[in-house]
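Read the structure below first, then the notes.
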Amino acid sequence: MALVEVRNLSKIYHLGGEEIRALDDVSAEIEGGEFISIIGPSGSGKSTLMHILGCLDSPTHGTFSLDGTEIQNASRAEQAKIRNQKIGFVFQFFNLLPKLSVLQNVELPMIYSGISASERRKRAMAALEMVELQNRTKHRPMQLSGGQQQRVAIARALVNNPKIVFADEPTGNLDSHTGSAILALFKRLSEEGRTIVLVTHDPNIAARTTRRIEIRDGKIAEQVDETLAGLKPR
Amino acid sequence: MNIFNAITIGFKEIWAHKFRSLLTMLGIILGVSSLVAMSALITGMENGMKESLVQMGGIERIRVEDQDIPPYQSHLADQAVGNTVNDVYALQQSAPLLRAITPEMRTRNATMTRSDKRFSSWNFVGTWPSAIEINEHTIEHGRMFNEIDDENARNVCVIGTAARDALFGSPEELGREINPVGEQINISGEIFTIIGMFKHYESEQEAKKRELAKSQPPPDPSTVQRSRGRSGSRSSGGFVWGYKNSTVYIPLNTMWLKFRAATGTENMPDPRLSQITMKVRDINQLEATIQQARNVMMITHRGIEDFSFQTQENWADQINSSIRNARMSGGFIAAISLLVGGIGIMNIMLASITERIREIGIRKAVGATFSDVFIQILVESMVIAVVGGIVGLFASEGIVRLLQMLSPTENTPVITVDAMVVAFAFSLVVGILAGIFPAMKAAKLDPIQALRYE
């Protein structure tokens with residue numbers, strides 16, 4: 001069974017009596033270990049799809065399962081637990097807590113999973129080593145460059161060892177050089193066996209992933225699997 | 001997230017906004033300390049009032065006083081004899097529910113003089129030796145007069161310290177205590193020997209003040225000495241203390257023969273007593289005791305009801321009701337100030353969560369549940385209230401001192417543990433109530449909207 005199975009997913013907003021279909025009957029599958037991008041112009045519904053897959057939002061119709069759990073049946077508390085244990089988020093604007101140190105930011109998800117202080121520290125240090133920021137632990141986010149902040153956010157996303165990482169325009173707020181370094185980091189993590197879903201509007205970034213799902217007007221427009229086409233090694 | 005983490009985060013959040021938190025806490029600090037201080041003042045007042053009640057014989061004391069003859073008996077007016085010592089003998093014989101009984105005969109126009117010094121007592125009484133027990137007196141020097149002194153109508157007296165101070169000089173003026181026992185004084189033309197003196201009666205507060213003054217060096221003699229009031233600063237105490245200290249007791253027969261000759265008939269001085277004072281054996285049988293005494297006196301008065309019983313129950317009730325009223329109104333005002341403090345907390349928590357919408361979104365995105373966020377905000381509000389409450393308990397001590405400085409009272413305020421517990425519990429409840437609404441609001445936030453919030 002696939003890690004994520006999406007079946008006939010719809011999300012409908014009502015805005016002033018008008019019905020807006022942000023997602024319209026979307027079905028897709030994501031296998032464990034895939035490096036995949038969801039691409040589409042702004043307003044296409046790609047963020048809505050990511051939010052639903054990340055258990056931050058719930059669909060109007062349709063079902064989807066994550067790691068064998070039917071999410072549409074889960075309570076809010078169960079969804080919070082899934083976000084905590086199985087999902088990691090990387091955002092465009094980093095979304096680090098400015099009052100906490102780098103180390104405390106990385107420890108944050110573990111506070112909500114009830115892990116002891118010493119274990120938290122150990123695992124946070126290991127995650128920071130993975131993104132090569134082990135000597136910036138005492139700094140505040142504001143004292144770091146954008147690229148470094150994004151790496152802290154990646155360390156935070158990985159620290160609870162999630163099944164899947166969602167990255168929403170992770171390079172959107174970085175210069176092209178730093179952005180490219182971050183993409184290289186994602187590539188490396190993917191090669192280590194992590195499942196990564198990159199949400200972007202930029203075809204150049206999407207081109208660096210092994211599979212692309214293109215969304216337009218809430219519908220899946222095209223799925224390109226370059227491994228199947230033999231263009232890229234899996 | 002466990003509760004310990006939540007408390008830690010709460011303290012950090014407060015520390016991050018020190019000034020704002022302090023201002024918010026101030027409402028709780030003032031509320032708690034005014035509640036405790038108010039209770040302390042009232043408890044002090046209550047103690048003072050009860051102390052003076054005990055000094056006046058407590059609630060076991062009953063007085064029998066003259067009363068106008070009721071209208072339906074007015075035709076018997078010329079047969080009425082008033083309260084006399086015969087009633088006292090009869091009551092002693094036939095009212096076993098009474099523990100002690102003493103007649104009192106007063107005169108208002110007795111003036112005591114010694115060389116050029118004069119003193120008029122408010123409480124110049126001819127009585128029996130048992131008066132000392134009924135009226136809660138203690139002899140400091142000499143002795144009380146006895147039955148033989150009374151039998152022979154001797155010119156002896158036992159005085160209070162106010163009489164001593166006026167006639168011989170007070171310890172404050174002279175710097176030493178004078179023992180007047182054995183001295184002779186003139187009372188309205190008769191020579192009396194002082195055979196005893198009562199101790200100085202004063203409230204705890206007065207005693208403390210005096211102790212303090214003693215330990216300090218004597219005042220500079222170059223400054224002008226002045227006496228405040230008739231008998232120096234010692235009588236500046238409450239009415240009860242001043243009244244007791246001015247007591248002068250002489251034997252009943254002496255009073256009758258020497259001071260009542262002018263008001264009697266041609267061959268006998270007026271035998272009517274000013275009052276009969278008695279104590280009940282068992283306070284729970286006060287009603288029965290009064291009934292018994294009434295029955296005895298109805299016989300001696302031949303059915304003419306020209307007497308009435310005065311208990312001090314009214315006084316005790318009055319104390320209780322005035323203390324209850326003071327507590328109610330004081331507590332109400334202090335509770336309102338605590339409530340205002342709680343509104344301050346709620347206000348600041350609402351401002352705080354608006355500032356932190358994005359933070360709450362991030363926390364939710366990484367796995368904080370509804371209850372995690374709810375508990376965190378509620379604990380922050382409680383931490384402000386609890387810290388404010390604890391500081392308020394310490395501050396109440398200072399407020400009590402401040403109030404004492406502004407208006408020195410007779411009664412030492414007493415900070416009770418009860419008041420502290422109630423005030424602290426109240427601050428805790430206020431903290432919880434103030435936190436619930438903001439915590440609910442924060443916990444309900446939609447993570448996506450919170451993350452997008454600028």
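We name chains A, B, ... following the order of the structure tokens; residues begin at 1 in each chain, and ligands are numbered from 1 as shown.
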Near region 26-33 of chain B, within 6 Å and counting only C-alpha atoms, which residues show up once chain neighbours fewer than 2 positions away are dropped, as number ranges by chain? B: 23-24, 35-37, 334, 337-338, 341, 388-389, 392-393, 395-396, 423
Taking only C-alpha atoms into account, produce a table as a Markdown table in which each residue of chain B with an atom at most 6 Å from an atom of chain A appears once, together with its shortest atom pair and the distance in Å to one decimal, ordered by chain and rising number.
```
| residue | atom | partner | partner_atom | distance |
| --- | --- | --- | --- | --- |
| B:Met1 | CA | A:Tyr112 | CA | 4.8 |
| B:Val366 | CA | A:Pro109 | CA | 5.2 |
| B:Gly367 | CA | A:Asn84 | CA | 4.0 |
| B:Ala368 | CA | A:Tyr112 | CA | 5.8 |
| B:Thr369 | CA | A:Ala80 | CA | 5.5 |
```
For region 212-218 of chain A: contacts at 8 Å, only C-alpha atoms, fewer than 2 positions along chain excluded, given as a list in words: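 Surrounding residues, per the criterion: Arg21, Ala22, Leu23, Asp24, Val26, Ile36, Ser37, Ile38, Ile39, Gly40, Pro41, Gly43, Ser44, Gly45, Lys46, Ala206, Ala207, Thr209, Thr210, Ile220, Ala221, Glu222, Gln223, Val224 and Asp225 of chain A.
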Residues near region 272-274 of chain B, cut-off 6 Å, only C-alpha atoms, skip fewer than 2 positions along chain, as a list of chain:residue names: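 Once the nearby chain positions are removed, what remains is B:Gly82, B:Asn83, B:Thr84, B:Glu104, B:Met105, B:Arg106, B:Asp270.
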Please produce a file of those selected residues containing N, CA and C atoms, as a compact mmCIF listing (two decimals), in the first residue's frame.
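See out_25.txt below for the written result:
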```txt
# COMPACT_ATOMS: atom_id res chain seq x y z
N GLY B 82 -37.77 50.27 95.83
CA GLY B 82 -36.50 50.32 95.06
C GLY B 82 -35.63 49.15 95.41
N ASN B 83 -34.49 49.08 94.74
CA ASN B 83 -33.54 48.00 95.00
C ASN B 83 -32.75 48.32 96.26
N THR B 84 -32.77 47.38 97.20
CA THR B 84 -32.02 47.61 98.43
C THR B 84 -31.15 46.39 98.70
N GLU B 104 -24.32 47.82 94.54
CA GLU B 104 -23.50 48.99 94.23
C GLU B 104 -24.29 50.25 94.51
N MET B 105 -23.63 51.15 95.23
CA MET B 105 -24.27 52.43 95.53
C MET B 105 -23.29 53.49 95.08
N ARG B 106 -23.78 54.40 94.22
CA ARG B 106 -22.87 55.38 93.62
C ARG B 106 -23.23 56.78 94.09
N ASP B 270 -30.86 57.42 102.62
CA ASP B 270 -31.52 56.72 101.52
C ASP B 270 -30.88 55.35 101.30
```
Would you kindly return, as a short mmCIF file (atom, residue, chain, number, x, y, z; two decimals) with N, CA and C atoms, in the first residue's frame, each protein, DNA or RNA residue with an atom no farther than 12 Å from any atom of Val131 (chain A), considering only C-alpha atoms and excluding same-chain residues fewer than 6 positions away?
```cif
data_model
loop_
_atom_site.label_atom_id
_atom_site.label_comp_id
_atom_site.auth_asym_id
_atom_site.auth_seq_id
_atom_site.Cartn_x
_atom_site.Cartn_y
_atom_site.Cartn_z
N VAL A 106 14.29 23.56 17.52
CA VAL A 106 14.33 22.19 16.98
C VAL A 106 13.69 21.22 17.98
N ALA A 124 17.84 16.71 19.07
CA ALA A 124 17.90 18.01 18.41
C ALA A 124 19.32 18.29 17.92
N MET A 125 20.31 17.91 18.72
CA MET A 125 21.71 18.10 18.32
C MET A 125 22.01 17.27 17.07
N THR A 137 23.74 26.52 17.96
CA THR A 137 22.59 26.10 18.79
C THR A 137 22.07 27.21 19.69
N GLY A 147 19.22 31.30 4.70
CA GLY A 147 19.52 29.90 4.40
C GLY A 147 19.70 29.09 5.68
N GLN A 148 20.39 29.71 6.64
CA GLN A 148 20.59 29.01 7.92
C GLN A 148 19.26 28.80 8.64
N GLN A 149 18.40 29.84 8.60
CA GLN A 149 17.09 29.70 9.25
C GLN A 149 16.30 28.57 8.62
N GLN A 150 16.38 28.48 7.26
CA GLN A 150 15.63 27.42 6.60
C GLN A 150 16.19 26.05 6.98
N ARG A 151 17.51 25.98 7.21
CA ARG A 151 18.09 24.70 7.62
C ARG A 151 17.65 24.33 9.05
N VAL A 152 17.50 25.36 9.89
CA VAL A 152 16.95 25.09 11.24
C VAL A 152 15.54 24.52 11.10
N ALA A 153 14.76 25.14 10.22
CA ALA A 153 13.39 24.67 10.02
C ALA A 153 13.37 23.23 9.51
N ILE A 154 14.34 22.90 8.65
CA ILE A 154 14.42 21.53 8.14
C ILE A 154 14.80 20.57 9.28
N ALA A 155 15.73 21.01 10.11
CA ALA A 155 16.11 20.17 11.25
C ALA A 155 14.90 19.93 12.15
N ARG A 156 14.08 20.97 12.35
CA ARG A 156 12.88 20.84 13.17
C ARG A 156 11.88 19.86 12.52
N ALA A 157 11.79 19.94 11.17
CA ALA A 157 10.86 19.06 10.48
C ALA A 157 11.28 17.60 10.58
N LEU A 158 12.60 17.36 10.70
CA LEU A 158 13.11 15.99 10.68
C LEU A 158 13.23 15.37 12.07
N VAL A 159 13.18 16.21 13.11
CA VAL A 159 13.64 15.76 14.43
C VAL A 159 12.78 14.62 14.99
N ALA A 181 21.25 25.56 -2.66
CA ALA A 181 21.88 24.76 -1.60
C ALA A 181 20.83 24.02 -0.79
N ILE A 182 19.69 24.71 -0.55
CA ILE A 182 18.61 24.06 0.21
C ILE A 182 18.03 22.89 -0.60
N ALA A 184 19.61 21.15 -2.75
CA ALA A 184 20.61 20.08 -2.68
C ALA A 184 20.48 19.29 -1.38
N LEU A 185 20.17 20.03 -0.30
CA LEU A 185 19.97 19.37 1.00
C LEU A 185 18.77 18.43 0.93
N PHE A 186 17.66 18.92 0.32
CA PHE A 186 16.48 18.05 0.18
C PHE A 186 16.82 16.81 -0.65
N ARG A 188 19.67 15.38 -0.95
CA ARG A 188 20.49 14.48 -0.15
C ARG A 188 19.61 13.68 0.83
N LEU A 189 18.67 14.41 1.46
CA LEU A 189 17.78 13.75 2.42
C LEU A 189 16.94 12.69 1.72
#
```
Which neighbours of Glu70 (chain A) fall inside 10 Å, counting only C-alpha atoms, when residues of the same chain fewer than 5 positions from it are skipped, and could you give them as a PyMOL selection string? chain A and resi 4-5+63-65
Keeping only N, CA, C and O atoms, write the selected residues as a PDB file, in the first residue's frame.
```pdb
ATOM      1  N   VAL A   4       0.849   7.534   0.956  1.00  0.00           N
ATOM      2  CA  VAL A   4      -0.301   8.429   0.913  1.00  0.00           C
ATOM      3  C   VAL A   4      -1.193   8.000  -0.239  1.00  0.00           C
ATOM      4  O   VAL A   4      -0.722   7.810  -1.358  1.00  0.00           O
ATOM      5  N   GLU A   5      -2.482   7.812   0.069  1.00  0.00           N
ATOM      6  CA  GLU A   5      -3.445   7.481  -0.986  1.00  0.00           C
ATOM      7  C   GLU A   5      -4.563   8.514  -0.963  1.00  0.00           C
ATOM      8  O   GLU A   5      -5.258   8.654   0.044  1.00  0.00           O
ATOM      9  N   THR A  63     -11.582  10.984   0.437  1.00  0.00           N
ATOM     10  CA  THR A  63     -10.848  10.380   1.548  1.00  0.00           C
ATOM     11  C   THR A  63      -9.370  10.343   1.212  1.00  0.00           C
ATOM     12  O   THR A  63      -8.980  10.434   0.054  1.00  0.00           O
ATOM     13  N   PHE A  64      -8.571  10.238   2.238  1.00  0.00           N
ATOM     14  CA  PHE A  64      -7.162   9.928   1.990  1.00  0.00           C
ATOM     15  C   PHE A  64      -6.574   9.249   3.214  1.00  0.00           C
ATOM     16  O   PHE A  64      -7.043   9.449   4.343  1.00  0.00           O
ATOM     17  N   SER A  65      -5.618   8.440   2.988  1.00  0.00           N
ATOM     18  CA  SER A  65      -4.981   7.743   4.105  1.00  0.00           C
ATOM     19  C   SER A  65      -3.495   8.074   4.115  1.00  0.00           C
ATOM     20  O   SER A  65      -2.896   8.322   3.072  1.00  0.00           O
TER      21      SER A  65
END
```
I'd like the neighbourhood of Pro447 (chain B) as an MDAnalysis selection string, where a residue qualifies if any of its atoms comes within 6 Å (using only C-alpha atoms), though same-chain residues fewer than 2 positions away should be ignored. chainID B and resid 361 449:450
re CA of Met50 (chain A) and CA of Gly17 (chain A): distance 25.6 Å
Extract the full set of strand (DSSP E or B) residues from region 74-189 of chain B according to DSSP on the backbone, and format it as an MDAnalysis selection string. chainID B and resid 98:106 111:114 117:120 123:127 139:142 156:159 184:187
Find the distance between CA of Ile345 (chain B) and CA of Ile9 (chain B) and write it in Å to one decimal. 17.0 Å
Please give the complete set of residues from region 262-414 of chain B that DSSP, run on the backbone, assigns to helix (DSSP H, G or I), formatted as a PyMOL selection string. chain B and resi 262-263+283-300+313-355+357-365+370-406
Go through B:Glu136, B:Glu65, B:Asp150, B:Glu454 and flag the residue nearest Leu252 (chain B), using only C-alpha atoms for the distances.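 Of the candidates, the smallest distance to Leu252 (chain B) is held by B:Asp150.
With CA of Asp116 (chain B) on one side and CA of Gly169 (chain B) on the other, the separation reads 12.2 Å.
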